[in-house]
>>> print(open('work-v3.txt').read())   # compact mmCIF, C-alpha atoms and all ligand atoms
# COMPACT_ATOMS: atom_id res chain seq x y z
CA MET A 28 -23.63 -3.84 0.27
CA ARG A 29 -22.69 -1.38 3.00
CA ILE A 30 -19.02 -1.87 3.80
CA VAL A 31 -16.90 -0.35 6.57
CA VAL A 32 -13.28 0.18 5.55
CA THR A 33 -10.97 0.99 8.45
CA GLY A 34 -7.84 2.76 7.26
CA GLY A 35 -9.91 3.84 4.26
CA ALA A 36 -7.93 7.05 3.69
CA GLY A 37 -4.64 5.18 3.48
CA PHE A 38 -2.79 4.00 0.40
CA ILE A 39 -4.51 0.62 -0.06
CA GLY A 40 -7.68 1.50 1.86
CA SER A 41 -8.52 4.44 -0.41
CA HIS A 42 -8.18 2.27 -3.53
CA ILE A 43 -10.56 -0.23 -1.92
CA CYS A 44 -13.08 2.56 -1.27
CA ASP A 45 -12.82 3.63 -4.94
CA PHE A 46 -13.37 0.10 -6.19
CA LEU A 47 -16.37 -0.55 -3.94
CA LEU A 48 -18.08 2.72 -4.84
CA HIS A 49 -17.55 2.04 -8.54
CA ARG A 50 -19.49 -1.17 -8.25
CA ASN A 51 -22.24 0.62 -6.32
CA ASP A 52 -21.51 -0.45 -2.78
CA SER A 53 -21.92 2.07 -0.03
CA VAL A 54 -18.78 2.77 2.00
CA VAL A 55 -18.13 4.00 5.52
CA CYS A 56 -14.47 4.98 5.69
CA ILE A 57 -12.88 5.23 9.14
CA ASP A 58 -9.42 6.73 9.47
CA ASP A 59 -7.56 8.77 12.07
CA LEU A 60 -5.36 10.28 9.32
CA SER A 61 -2.18 9.40 11.23
CA THR A 62 -0.68 7.84 8.12
CA GLY A 63 -3.71 8.20 5.86
CA ASN A 64 -4.34 11.29 3.83
CA LEU A 65 -7.55 13.20 3.15
CA ALA A 66 -6.32 13.91 -0.38
CA ASN A 67 -6.66 10.18 -1.14
CA ILE A 68 -10.42 10.37 -0.67
CA SER A 69 -11.11 14.00 -1.55
CA ASP A 70 -12.83 12.97 -4.79
CA LEU A 71 -15.17 10.71 -2.81
CA LEU A 72 -16.35 13.15 -0.16
CA SER A 73 -19.20 14.47 -2.30
CA ASN A 74 -20.43 10.97 -3.17
CA ARG A 75 -23.68 10.30 -1.32
CA TRP A 76 -22.76 6.64 -0.92
CA PHE A 77 -19.51 7.51 0.84
CA ARG A 78 -19.15 8.57 4.45
CA PHE A 79 -15.88 9.52 6.10
CA VAL A 80 -15.43 9.35 9.87
CA ARG A 81 -12.20 10.58 11.39
CA ALA A 82 -11.60 8.23 14.30
CA ASP A 83 -9.00 5.98 15.87
CA VAL A 84 -10.39 2.43 15.74
CA SER A 85 -8.19 1.47 18.72
CA ALA A 86 -10.38 3.72 20.87
CA GLY A 87 -13.69 2.20 19.74
CA LEU A 88 -15.74 1.58 16.63
CA GLU A 89 -19.40 2.45 16.47
CA VAL A 90 -21.20 2.49 13.14
CA HIS A 91 -24.95 3.01 13.06
CA GLY A 92 -27.17 1.25 10.59
CA ARG A 93 -26.67 -1.87 8.55
CA VAL A 94 -23.15 -3.19 8.04
CA ASP A 95 -22.58 -6.06 5.60
CA ALA A 96 -18.81 -6.25 5.73
CA VAL A 97 -15.89 -4.81 7.67
CA ALA A 98 -12.52 -4.58 5.92
CA HIS A 99 -9.94 -3.87 8.61
CA PHE A 100 -7.01 -2.06 7.02
CA ALA A 101 -6.16 0.51 9.70
CA SER A 102 -2.49 0.32 10.72
CA PRO A 103 0.79 2.03 10.05
CA ALA A 104 2.34 -0.23 7.41
CA SER A 105 5.73 1.06 6.29
CA PRO A 106 8.65 0.05 8.53
CA PRO A 107 9.65 3.66 9.35
CA ASP A 108 6.01 4.46 10.18
CA TYR A 109 5.48 1.55 12.54
CA LEU A 110 8.92 1.91 14.10
CA ARG A 111 8.11 5.55 14.89
CA ARG A 112 4.67 4.58 16.26
CA PRO A 113 5.31 1.32 18.13
CA LEU A 114 2.53 1.66 20.70
CA GLU A 115 -0.09 2.86 18.22
CA THR A 116 0.83 -0.04 15.91
CA LEU A 117 0.38 -2.58 18.70
CA ALA A 118 -2.86 -0.90 19.76
CA VAL A 119 -4.47 -0.94 16.34
CA GLY A 120 -3.39 -4.52 15.68
CA SER A 121 -4.84 -5.67 18.99
CA ARG A 122 -7.57 -3.37 20.36
CA GLY A 123 -8.36 -1.97 16.92
CA THR A 124 -8.84 -5.45 15.50
CA GLU A 125 -10.99 -6.48 18.48
CA ASN A 126 -13.18 -3.39 18.00
CA ALA A 127 -13.55 -4.14 14.30
CA LEU A 128 -14.40 -7.77 15.06
CA ARG A 129 -16.98 -6.73 17.64
CA LEU A 130 -18.63 -4.49 15.06
CA ALA A 131 -18.77 -7.39 12.59
CA ASP A 132 -20.12 -9.69 15.32
CA ARG A 133 -22.87 -7.22 16.35
CA SER A 134 -23.83 -6.59 12.74
CA GLY A 135 -23.69 -10.15 11.46
CA ALA A 136 -21.17 -8.86 8.90
CA ARG A 137 -18.35 -10.46 6.96
CA PHE A 138 -14.95 -9.47 8.43
CA VAL A 139 -11.73 -9.30 6.40
CA LEU A 140 -8.40 -8.71 8.13
CA ALA A 141 -5.50 -7.11 6.30
CA SER A 142 -2.67 -9.20 7.65
CA THR A 143 0.79 -9.23 6.18
CA SER A 144 3.71 -11.23 4.85
CA GLU A 145 5.52 -9.93 7.94
CA VAL A 146 3.87 -12.74 9.92
CA TYR A 147 6.43 -14.99 8.18
CA GLY A 148 9.26 -12.83 9.60
CA ASP A 149 12.61 -13.63 7.96
CA PRO A 150 11.31 -16.82 6.34
CA VAL A 151 13.32 -20.01 6.14
CA GLU A 152 10.76 -21.50 3.72
CA HIS A 153 10.65 -20.08 0.22
CA PRO A 154 8.34 -19.16 -1.41
CA GLN A 155 6.01 -18.61 1.53
CA ARG A 156 2.92 -20.80 1.72
CA GLU A 157 0.10 -20.10 4.15
CA GLY A 158 0.92 -23.26 6.13
CA TYR A 159 4.33 -21.89 7.09
CA TRP A 160 4.35 -20.54 10.66
CA GLY A 161 7.15 -18.06 10.22
CA ASN A 162 10.42 -17.03 11.76
CA VAL A 163 9.68 -13.90 13.77
CA ASN A 164 11.83 -12.20 16.40
CA PRO A 165 9.22 -11.43 19.09
CA VAL A 166 11.34 -8.76 20.79
CA GLY A 167 13.04 -7.11 17.81
CA PRO A 168 12.10 -3.63 16.58
CA ARG A 169 9.81 -5.01 13.84
CA SER A 170 7.89 -7.09 16.39
CA VAL A 171 5.55 -4.17 17.04
CA TYR A 172 4.08 -4.76 13.60
CA ASP A 173 4.73 -8.48 13.12
CA GLU A 174 3.37 -9.56 16.49
CA ALA A 175 0.47 -7.10 16.33
CA LYS A 176 -0.60 -8.71 13.04
CA ARG A 177 -0.01 -12.22 14.40
CA TYR A 178 -2.22 -11.36 17.36
CA ALA A 179 -4.76 -9.86 14.95
CA GLU A 180 -4.86 -13.18 13.09
CA ALA A 181 -5.24 -15.11 16.36
CA VAL A 182 -8.09 -12.97 17.66
CA THR A 183 -9.78 -13.12 14.25
CA MET A 184 -9.69 -16.93 14.36
CA ALA A 185 -11.01 -16.85 17.95
CA TYR A 186 -14.01 -14.75 16.86
CA HIS A 187 -14.52 -17.17 13.98
CA ARG A 188 -14.31 -20.33 16.08
CA HIS A 189 -16.00 -19.15 19.27
CA ARG A 190 -18.42 -16.46 18.05
CA GLY A 191 -19.16 -17.83 14.60
CA VAL A 192 -18.17 -14.60 12.86
CA ASN A 193 -17.69 -14.93 9.09
CA THR A 194 -14.02 -13.95 9.03
CA GLY A 195 -11.29 -14.00 6.38
CA ILE A 196 -7.56 -13.34 6.74
CA LEU A 197 -5.46 -11.95 3.91
CA ARG A 198 -1.68 -11.90 4.10
CA ILE A 199 -0.70 -8.97 1.95
CA PHE A 200 2.80 -8.86 0.45
CA ASN A 201 4.64 -5.73 -0.69
CA THR A 202 2.23 -3.52 -2.61
CA TYR A 203 2.93 -0.28 -4.46
CA GLY A 204 1.21 2.25 -6.66
CA PRO A 205 -0.26 5.75 -6.77
CA ARG A 206 -1.04 7.34 -3.36
CA MET A 207 1.94 5.88 -1.54
CA ARG A 208 3.33 8.69 0.57
CA PRO A 209 6.60 9.79 -1.01
CA GLU A 210 8.19 10.14 2.45
CA ASP A 211 6.88 6.89 3.94
CA GLY A 212 10.26 5.19 3.59
CA ARG A 213 9.16 2.09 1.69
CA VAL A 214 11.49 1.00 -1.01
CA VAL A 215 9.37 1.70 -4.10
CA SER A 216 8.18 5.15 -3.04
CA SER A 217 11.67 6.05 -1.81
CA PHE A 218 13.48 4.96 -4.95
CA ILE A 219 11.04 6.73 -7.27
CA THR A 220 11.09 9.91 -5.17
CA GLN A 221 14.89 9.88 -5.05
CA ALA A 222 15.24 9.10 -8.77
CA LEU A 223 12.88 11.90 -9.80
CA ASN A 224 14.74 14.42 -7.64
CA GLY A 225 18.26 13.46 -8.62
CA GLN A 226 19.01 12.14 -5.14
CA ALA A 227 21.01 9.00 -4.48
CA LEU A 228 18.90 5.85 -4.17
CA THR A 229 19.38 4.50 -0.64
CA ILE A 230 20.01 0.76 -0.78
CA TYR A 231 20.01 -0.94 2.62
CA GLY A 232 22.46 -3.79 2.98
CA ASP A 233 24.09 -5.04 -0.20
CA GLY A 234 20.81 -5.00 -2.13
CA THR A 235 20.64 -8.79 -2.55
CA GLN A 236 17.58 -9.13 -0.31
CA THR A 237 14.45 -9.81 -2.33
CA ARG A 238 10.84 -8.69 -2.40
CA SER A 239 7.97 -9.30 -4.80
CA PHE A 240 5.96 -6.22 -5.66
CA CYS A 241 2.23 -6.22 -6.37
CA TYR A 242 0.54 -3.34 -8.16
CA VAL A 243 -2.26 -1.87 -6.07
CA ASP A 244 -5.04 -2.38 -8.65
CA ASP A 245 -4.26 -6.10 -8.74
CA LEU A 246 -4.24 -6.31 -4.97
CA VAL A 247 -7.57 -4.54 -4.60
CA ARG A 248 -9.27 -7.03 -6.94
CA GLY A 249 -8.08 -9.78 -4.62
CA VAL A 250 -9.22 -7.96 -1.50
CA VAL A 251 -12.71 -7.43 -2.90
CA SER A 252 -12.93 -11.09 -3.98
CA MET A 253 -12.10 -12.01 -0.39
CA ILE A 254 -14.80 -9.66 0.95
CA ASP A 255 -17.30 -11.28 -1.41
CA SER A 256 -16.31 -14.84 -0.46
CA ASP A 257 -16.71 -16.91 2.70
CA GLU A 258 -13.08 -18.00 2.69
CA VAL A 259 -11.50 -18.13 6.14
CA GLY A 260 -7.90 -18.09 4.99
CA PRO A 261 -5.27 -17.12 5.66
CA ILE A 262 -4.70 -16.44 1.97
CA ASN A 263 -1.60 -14.79 0.52
CA LEU A 264 -2.07 -11.87 -1.87
CA GLY A 265 1.02 -10.68 -3.67
CA CYS A 266 2.97 -10.83 -6.86
CA PRO A 267 5.30 -13.80 -7.32
CA ASP A 268 7.74 -11.80 -9.50
CA GLU A 269 10.71 -11.73 -7.10
CA ARG A 270 13.40 -9.04 -7.50
CA THR A 271 16.44 -8.04 -5.50
CA VAL A 272 16.42 -4.53 -4.09
CA ALA A 273 19.44 -3.74 -6.29
CA GLU A 274 17.50 -4.87 -9.40
CA LEU A 275 14.60 -2.70 -8.34
CA ALA A 276 16.91 0.32 -8.03
CA GLU A 277 18.27 -0.32 -11.52
CA LEU A 278 14.77 -0.69 -12.94
CA VAL A 279 13.53 2.53 -11.33
CA LEU A 280 16.54 4.41 -12.71
CA LYS A 281 15.85 3.03 -16.18
CA LEU A 282 12.12 3.72 -16.16
CA THR A 283 12.45 7.26 -14.82
CA GLY A 284 15.46 8.13 -17.00
CA SER A 285 17.27 9.29 -13.88
CA HIS A 286 21.03 9.61 -13.58
CA SER A 287 20.95 9.30 -9.78
CA VAL A 288 23.60 7.16 -8.19
CA VAL A 289 22.97 4.47 -5.56
CA GLN A 290 24.33 4.65 -2.03
CA TYR A 291 24.57 1.80 0.44
CA TYR A 292 23.44 1.96 4.07
CA PRO A 293 23.33 -0.67 6.82
CA LEU A 294 20.55 -3.24 6.66
CA PRO A 295 17.81 -2.56 9.24
CA THR A 296 17.54 -5.06 12.11
CA ASP A 297 15.64 -8.25 11.19
CA ASP A 298 15.12 -7.14 7.59
CA PRO A 299 13.79 -10.26 5.80
CA THR A 300 16.31 -11.75 3.37
CA ARG A 301 13.91 -13.27 0.84
CA ARG A 302 10.21 -12.85 0.27
CA ARG A 303 7.91 -14.24 -2.40
CA PRO A 304 4.32 -15.36 -2.01
CA ASP A 305 3.00 -18.71 -3.09
CA ILE A 306 -0.38 -17.65 -4.49
CA THR A 307 -1.75 -21.10 -5.35
CA LEU A 308 -4.45 -20.72 -2.72
CA ALA A 309 -5.56 -17.26 -3.88
CA THR A 310 -5.87 -18.56 -7.42
CA ALA A 311 -7.76 -21.71 -6.40
CA ARG A 312 -10.11 -20.10 -3.85
CA LEU A 313 -10.57 -16.58 -5.15
CA GLY A 314 -9.77 -17.03 -8.85
CA TRP A 315 -7.20 -14.30 -8.34
CA CYS A 316 -3.80 -13.59 -9.77
CA PRO A 317 -1.87 -10.39 -10.44
CA GLU A 318 -1.86 -9.12 -14.04
CA VAL A 319 0.24 -5.96 -14.03
CA SER A 320 3.94 -6.56 -14.61
CA THR A 321 6.49 -4.93 -12.32
CA GLU A 322 7.73 -2.79 -15.22
CA GLU A 323 4.27 -1.57 -16.14
CA GLY A 324 3.26 -0.97 -12.51
CA LEU A 325 6.41 1.03 -11.85
CA GLN A 326 5.76 3.10 -15.00
CA ARG A 327 2.26 3.92 -13.80
CA THR A 328 3.50 4.69 -10.30
CA SER A 329 6.34 6.91 -11.54
CA ALA A 330 3.86 8.79 -13.76
CA TRP A 331 1.74 9.49 -10.69
CA PHE A 332 4.73 10.54 -8.58
CA ARG A 333 5.84 12.99 -11.29
CA CYS A 334 2.61 14.85 -10.62
CA GLN A 335 3.25 15.20 -6.90
CA ASP A 336 5.54 17.65 -5.19
CA THR A 337 8.16 15.23 -3.87
CA ARG A 338 11.04 17.64 -3.20
CA ALA A 339 10.55 17.83 0.57
CA ALA A 340 10.10 14.06 0.75
CA ALA A 341 13.28 13.50 -1.24
CA ALA A 342 15.16 15.70 1.22
CA ALA A 343 13.74 13.79 4.18
CA LEU A 344 14.76 10.48 2.62
CA VAL A 345 18.43 11.47 2.31
CA GLY A 346 20.41 9.02 4.41
CA GLY A 347 17.52 6.60 4.73
CA GLN A 348 15.10 6.05 7.60
CA LEU A 349 16.74 3.15 9.35
CA ASP A 350 15.02 1.60 12.35
CA GLY A 351 12.62 4.51 12.63
CA GLN A 352 15.30 7.04 13.51
CA SER A 353 14.79 10.49 12.12
CA PRO A 354 16.81 10.91 8.96
CA PRO A 355 19.80 13.24 9.20
CA ARG A 356 18.81 16.82 8.42
CA LEU A 357 20.94 18.31 5.72
CA SER A 358 20.98 22.07 5.56
CA GLU A 359 22.05 21.95 1.92
CA ILE A 360 20.38 19.49 -0.38
CA SER A 361 21.88 19.36 -3.83
CA TRP A 362 19.23 19.04 -6.50
CA SER A 363 21.45 17.65 -9.20
CA ASP A 364 19.91 16.29 -12.36
CA PRO A 365 16.26 16.29 -11.43
CA VAL A 366 14.07 14.49 -13.95
CA VAL A 367 10.88 15.61 -12.36
CA GLY A 368 7.71 16.11 -14.28
CA PRO A 369 5.29 18.93 -13.65
CA GLN A 370 5.72 18.79 -9.87
CA GLY A 371 3.79 21.05 -7.61
CA GLN A 372 0.88 21.41 -9.99
CA GLN A 373 -2.54 21.16 -8.52
CA ARG A 374 -3.96 17.84 -9.62
CA SER A 375 -7.27 19.31 -10.62
CA ARG A 376 -6.83 22.78 -11.99
CA PRO A 377 -10.10 24.25 -13.20
CA ALA A 378 -11.01 23.15 -16.68
CA ALA A 379 -11.36 25.67 -19.48
CA ASP A 380 -14.77 27.13 -20.27
CA VAL A 381 -17.48 24.54 -20.31
CA GLY A 382 -18.14 23.57 -23.88
CA ASP A 383 -14.57 24.05 -25.04
CA PRO A 384 -12.83 20.78 -25.82
CA THR A 385 -10.13 20.19 -23.25
CA ILE A 386 -7.16 17.88 -23.08
CA GLN A 387 -6.21 16.19 -19.84
CA ASP A 388 -2.47 16.15 -19.27
CA ASP A 389 -0.57 13.31 -17.55
CA CYS A 390 -1.29 14.84 -14.15
CA GLY A 391 -5.03 15.08 -14.63
CA ALA A 392 -5.00 18.82 -15.24
CA HIS A 393 -7.08 20.21 -18.11
CA ARG A 394 -6.02 22.68 -20.78
CA PRO A 395 -7.89 23.86 -23.85
CA ALA A 396 -7.35 21.53 -26.77
CA LEU A 397 -5.49 22.81 -29.80
CA GLN A 398 -7.28 22.50 -33.11
CA GLY A 399 -7.39 18.88 -34.24
CA GLU A 400 -6.18 17.66 -30.87
CA PHE A 401 -8.84 15.39 -29.45
CA THR A 402 -6.86 12.33 -28.57
CA THR A 403 -7.10 10.83 -25.13
CA THR A 404 -4.23 8.96 -23.54
CA ALA A 405 -4.69 5.24 -23.98
CA VAL A 406 -4.37 3.21 -20.80
CA THR A 407 -2.03 0.34 -21.48
CA THR A 408 -2.82 -2.85 -19.70
CA SER A 409 -1.15 -6.19 -19.86
CA GLY A 410 -4.48 -7.82 -20.63
CA SER A 411 -5.85 -10.50 -18.39
CA THR A 412 -2.83 -12.74 -18.31
CA CYS A 413 -1.69 -14.00 -14.95
CA LEU A 414 1.88 -13.28 -14.02
CA ALA A 415 3.75 -16.56 -13.70
CA ASP A 416 3.96 -18.10 -10.23
N1 LIG B 501 14.96 -0.65 1.42
C1 LIG B 501 16.07 -0.07 0.84
N2 LIG B 501 16.09 1.29 0.72
C2 LIG B 501 15.08 2.07 1.14
C3 LIG B 501 13.94 1.47 1.71
C4 LIG B 501 13.92 0.10 1.86
O1 LIG B 501 17.02 -0.75 0.42
O2 LIG B 501 15.18 3.31 0.97
C5 LIG B 501 14.92 -2.12 1.52
C6 LIG B 501 14.56 -2.66 2.90
O3 LIG B 501 15.69 -2.78 3.71
C7 LIG B 501 13.94 -4.00 2.54
C8 LIG B 501 13.27 -3.74 1.19
O4 LIG B 501 13.91 -2.59 0.66
O5 LIG B 501 14.92 -4.97 2.38
C9 LIG B 501 11.79 -3.49 1.29
O6 LIG B 501 11.58 -2.51 2.26
P1 LIG B 501 10.18 -1.82 2.53
O7 LIG B 501 10.40 -0.84 3.61
O8 LIG B 501 9.58 -1.32 1.28
O9 LIG B 501 9.21 -2.98 3.04
P2 LIG B 501 9.40 -4.33 3.87
O10 LIG B 501 9.25 -5.40 2.85
O11 LIG B 501 10.74 -4.36 4.52
O12 LIG B 501 8.29 -4.29 4.85
>>> encode(input="work-v3.txt", output="structure tokens", more="lines below")
Ligand code: UDP
Amino acid sequence: MRIVVTGGAGFIGSHICDFLLHRNDSVVCIDDLSTGNLANISDLLSNRWFRFVRADVSAGLEVHGRVDAVAHFASPASPPDYLRRPLETLAVGSRGTENALRLADRSGARFVLASTSEVYGDPVEHPQREGYWGNVNPVGPRSVYDEAKRYAEAVTMAYHRHRGVNTGILRIFNTYGPRMRPEDGRVVSSFITQALNGQALTIYGDGTQTRSFCYVDDLVRGVVSMIDSDEVGPINLGCPDERTVAELAELVLKLTGSHSVVQYYPLPTDDPTRRRPDITLATARLGWCPEVSTEEGLQRTSAWFRCQDTRAAAAALVGGQLDGQSPPRLSEISWSDPVVGPQGQQRSRPAADVGDPTIQDDCGAHRPALQGEFTTTAVTTSGSTCLAD
């Protein structure tokens, strides 16, 4: 298949591109790099089945040649990002979605919308089923994202009903994993970045609000199943393992071995109190369920973050990023008790002479193997067991 992925250089989008290329699809990745990152797709640029186009899908979307599916993932997605870019967020949810739908319509392609659990707002039903219409403040600060995605769902259904486009809507719950931007202000990336740099973990509110965190590899399997299906949705994709933010902070401290303290800050406006997906529909219609436990996913994510230079991000996260305001600038950042790994290393240092056995370290760098040292790091997986709903 030839698949267009908008937002393909972003955190989730780039993992989708990887997955599709691995199974021999051809991918056209469109991204304006406003919150995406070229480094996420740098390994793909030399692949002849991969094409990257730097463009803002809100301005228009023209792709020549055959298109079999359009996966529309372009949008700022972390609260600080969309609060700092309110107009761009509304534009990509509305005009960007329309442009992506028009491309699918013209091409006779399958269209999959990345919608969000934010369409449920601060839900009064728990866990959230797809039939729940939500509790959204239409004029609050988060409305730029929530209402943009609600409009995106509405226009997707209109193209389905009135133009006969083969559309599918996914409601994606909190997702985490490698390639999150350390400074993007989401809770998992922030806590790991802070823990690794010996900075206080910034808990908003009293930490009793809950989220359910899905590891990115699990999510991407669900997204691709949706692309391959004719399901209209909406279908929730997320992990039903619900944790309080305070529990998450404790877990991150434990898994990273950090001695950071936690500090409390005011809860952002309209911050949802409880969130957990009901994934019955995803399991029934897509045969999908998450398999990676929160502990294991956080281990993998922390291992990746240890290989990134997160010092500047940790400094920017001091004091939190409430309601999209710039964080307070501290002239002196104290770097107490860092438990960082080999930060600042290039991820792909040149390997030793070809022919010499090399060992890949935890950050993907190669060094010559010592005599008798030919082991490779085993990838631990939790097998194919569904996490309990
Ligand atoms: N949060 C926090 N500290 C942070 C970042 C976020 O306590 O440094 C909280 C936030 O208030 C929310 C939860 O963690 O209750 C999840 O926030 P995130 O920004 O990751 O995503 P959301 O689910 O709100 O879109």
>>> residues_near_ligand(input="work-v3.txt", ligand="ligand LIG 501 (chain B)", cutoff="9 Å", atoms="only C-alpha atoms and all ligand atoms", output="PyMOL selection string")
chain A and resi 104-107+144-145+200-203+211-218+221+228-239+271-273+276+291-296+298-302+344-349
>>> residues_around(input="work-v3.txt", residues="stretch 282-287 of chain A", least_positions_apart="3", cutoff="8 Å", atoms="all atoms listed in the file", output="PyMOL selection string")
chain A and resi 219+221-223+225-228+278-279+322+325-326+329+364-366
>>> closest_residue(input="work-v3.txt", among="A:Leu197, A:Arg111, A:Asp305, A:Ile30", to="A:Trp76", atoms="all atoms listed in the file")
A:Ile30
>>> atom_distance(input="work-v3.txt", atom1="atom CA of A:Ala36", atom2="atom CA of A:Gly63")
4.9 Å
>>> closest_residue(input="work-v3.txt", among="A:Phe79, A:Arg133, A:Gly87, A:Arg169", to="A:Gly191", atoms="only C-alpha atoms")
A:Arg133
>>> residues_around(input="work-v3.txt", residues="stretch 262-267 of chain A", least_positions_apart="4", cutoff="6 Å", atoms="all atoms listed in the file", output="list in words")
Leu197, Arg198, Ile199, Phe200, Ser239, Phe240, Cys241, Arg303, Pro304, Ile306, Ala309 and Asp416 of chain A
>>> residues_around(input="work-v3.txt", residues="A:Leu48", least_positions_apart="3", cutoff="12 Å", atoms="all atoms listed in the file", output="MDAnalysis selection string")
chainID A and resid 28:32 41:45 51:56 68 70:72 74:78 251
>>> atom_distance(input="work-v3.txt", atom1="atom CA of A:Glu174", atom2="atom CA of A:His99")
16.5 Å
>>> atom_distance(input="work-v3.txt", atom1="atom CA of A:Arg208", atom2="atom CA of A:Asn162")
28.9 Å
>>> closest_residue(input="work-v3.txt", among="A:Glu323, A:Asp268, A:Asp95, A:Asp83", to="A:Gly204", atoms="only C-alpha atoms")
A:Glu323
>>> residues_around(input="work-v3.txt", residues="A:Gly161", least_positions_apart="3", cutoff="8 Å", atoms="all atoms listed in the file", output="tab-separated table (two decimals) with C-alpha atoms, in the frame of the given file")
chain	number	residue	atom	x	y	z
A	146	VAL	CA	3.87	-12.74	9.92
A	147	TYR	CA	6.43	-14.99	8.18
A	148	GLY	CA	9.26	-12.83	9.60
A	149	ASP	CA	12.61	-13.63	7.96
A	150	PRO	CA	11.31	-16.82	6.34
A	151	VAL	CA	13.32	-20.01	6.14
>>> axis_aligned_box(input="work-v3.txt", around="stretch 113-130 of chain A", padding_each_side="3 Å", output="JSON")
{"center_x": -6.7, "center_y": -2.5, "center_z": 17.5, "size_x": 29.9, "size_y": 16.6, "size_z": 12.4}
